[in-house]
Amino acid sequence: MRRVLGALGLALGLALAVAAPAGAVTTGNESFNVNIVISDAGGVRTVVNSVVIAKGVFRDNGTIVEVDNLPGDPENALRDDLVFASGRIHLLSLGLSGTMALNSHSCGFQGTAQQVGQIVGGTGRFAAATGTFTGTVVFKGTLARTADGCSFDAPSRHEIDKIDAVGTMSF
């Protein structure tokens with residue numbers, strides 16, 4: 001659920017990106033649609049594929065990279081980078097609430113999560129980026145199974161996340 005919320009944050013951050021000529025400061029509204037496919041890849045959470053579609057003042061396609069949290073980040077925090085040809089947008093997302101249903105026989109799960117986030121800089125065109133966003137993550141997948149049942153401690157065997165995010169951004 002934590003990574004799902006992180007993905008949402010990333011998508012939300014994308015929704016905030018804005019396009020501008022080199023050297024110009026641009027501010028505006030943005031929406032991002034993000035799809036992420038995840039596998040456990042031998043016990044390690046791995047993003048197999050991701051697509052980020054930015055619509056608004058910034059229009060581009062990119063990907064998401066999950067980033068480790070920093071010391072001092074709150075327990076509900078997730079960090080991600082939105083990656084575009086012109087640079088990366090660094091995101092810090094906070095999970096607010098969510099619901100999840102689990103089938104204990106198959107270990108299949110599905111749910112939704114709400115997030116808020118902020119853009120905390122980036123690289124290239126987004127080096128001085130700032131912004132805020134809100135978003136919704138819809139997720140489903142299969143948990144690993146142990147002798148005791150479904151495991152929430154191991155990475156999901158597979159997972160698909162769909163994120164819709166909106167907000168504002170300056171860069």
# chains A, B, ... in the order shown; residues from 1 in each chain; ligands from 1
$ select_by_dssp --residues "region 24-97 of chain A" --states "strand (DSSP E or B)" --output "ChimeraX atom specification"
/A:27-39,46-56,60-67,77-84,87-97
$ write_last_selection --atoms "C-alpha atoms" --output "compact mmCIF listing (two decimals), in the first residue's frame"
# COMPACT_ATOMS: atom_id res chain seq x y z
CA THR A 27 3.23 28.20 -13.49
CA GLY A 28 -0.03 26.46 -14.21
CA ASN A 29 -2.52 23.67 -13.74
CA GLU A 30 -1.72 20.15 -14.86
CA SER A 31 -3.17 16.66 -14.82
CA PHE A 32 -1.29 13.38 -14.93
CA ASN A 33 -2.43 9.88 -15.73
CA VAL A 34 -0.01 7.18 -14.64
CA ASN A 35 -0.02 3.42 -15.15
CA ILE A 36 2.55 1.26 -13.34
CA VAL A 37 3.17 -2.49 -13.62
CA ILE A 38 5.17 -4.01 -10.75
CA SER A 39 6.70 -7.45 -10.17
CA THR A 46 10.61 -3.80 -9.40
CA VAL A 47 8.78 -1.43 -11.74
CA VAL A 48 8.46 -3.49 -14.93
CA ASN A 49 6.79 -0.76 -16.94
CA SER A 50 5.34 2.70 -16.35
CA VAL A 51 3.72 5.37 -18.47
CA VAL A 52 3.07 8.94 -17.37
CA ILE A 53 0.88 11.18 -19.53
CA ALA A 54 0.99 14.90 -18.72
CA LYS A 55 -1.80 17.15 -20.01
CA GLY A 56 -2.16 20.87 -19.49
CA ASP A 60 4.68 15.10 -22.46
CA ASN A 61 5.01 11.38 -21.83
CA GLY A 62 7.43 9.95 -19.29
CA THR A 63 8.01 7.27 -16.68
CA ILE A 64 8.16 6.90 -12.88
CA VAL A 65 11.15 5.82 -10.81
CA GLU A 66 10.57 4.83 -7.17
CA VAL A 67 13.16 6.45 -4.85
CA ALA A 77 5.81 9.33 2.98
CA LEU A 78 6.94 8.08 -0.43
CA ARG A 79 9.46 9.57 -2.81
CA ASP A 80 9.40 9.19 -6.58
CA ASP A 81 10.92 10.82 -9.65
CA LEU A 82 8.87 11.64 -12.73
CA VAL A 83 11.25 11.22 -15.64
CA PHE A 84 10.90 13.19 -18.88
CA GLY A 87 14.60 16.34 -16.70
CA ARG A 88 13.28 14.72 -13.54
CA ILE A 89 10.66 16.02 -11.11
CA HIS A 90 11.33 14.98 -7.49
CA LEU A 91 8.12 14.20 -5.55
CA LEU A 92 7.37 13.74 -1.87
CA SER A 93 3.91 12.19 -1.36
CA LEU A 94 1.95 11.55 1.81
CA GLY A 95 -0.68 8.83 2.01
CA LEU A 96 -3.92 10.09 3.57
CA SER A 97 -6.42 7.27 3.47
$ select_by_dssp --residues "chain A" --states "helix (DSSP H, G or I)" --output "list in words"
Arg2, Arg3, Val4, Leu5, Gly6, Ala7, Leu8, Gly9, Leu10, Ala11, Leu12, Gly13, Leu14, Gly124, Arg125 and Phe126 of chain A
$ residues_around --residues "Gly98 (chain A)" --least-positions-apart "3" --cutoff "7 Å" --atoms "only C-alpha atoms" --output "list in words"
Thr112, Ala113 and Gln114 of chain A
$ residues_around --residues "Ser104 (chain A)" --least-positions-apart "2" --cutoff "12 Å" --atoms "only C-alpha atoms" --output "compact mmCIF listing (two decimals) with C-alpha atoms, in the first residue's frame"
# COMPACT_ATOMS: atom_id res chain seq x y z
CA ALA A 101 -10.05 -5.76 -0.06
CA LEU A 102 -8.13 -9.04 0.20
CA SER A 106 -5.87 -16.33 -3.67
CA CYS A 107 -4.01 -13.47 -1.87
CA GLY A 108 -5.46 -11.14 -4.54
CA PHE A 109 -6.06 -7.56 -3.43
CA THR A 142 -1.40 -10.52 -5.70
CA LEU A 143 0.47 -10.79 -2.41
CA ALA A 144 3.13 -13.41 -1.75
CA ARG A 145 1.95 -16.48 0.19
CA THR A 146 3.71 -17.96 3.21
CA ASP A 148 0.79 -18.66 7.50
CA GLY A 149 -1.18 -17.16 4.59
CA CYS A 150 -0.89 -13.94 2.58
CA SER A 151 2.21 -11.88 3.40
CA PHE A 152 2.09 -8.09 3.77
$ closest_residue --among "A:Asn76, A:Pro71, A:Gly117, A:Arg45" --to "Glu159 (chain A)" --atoms "only C-alpha atoms"
A:Arg45
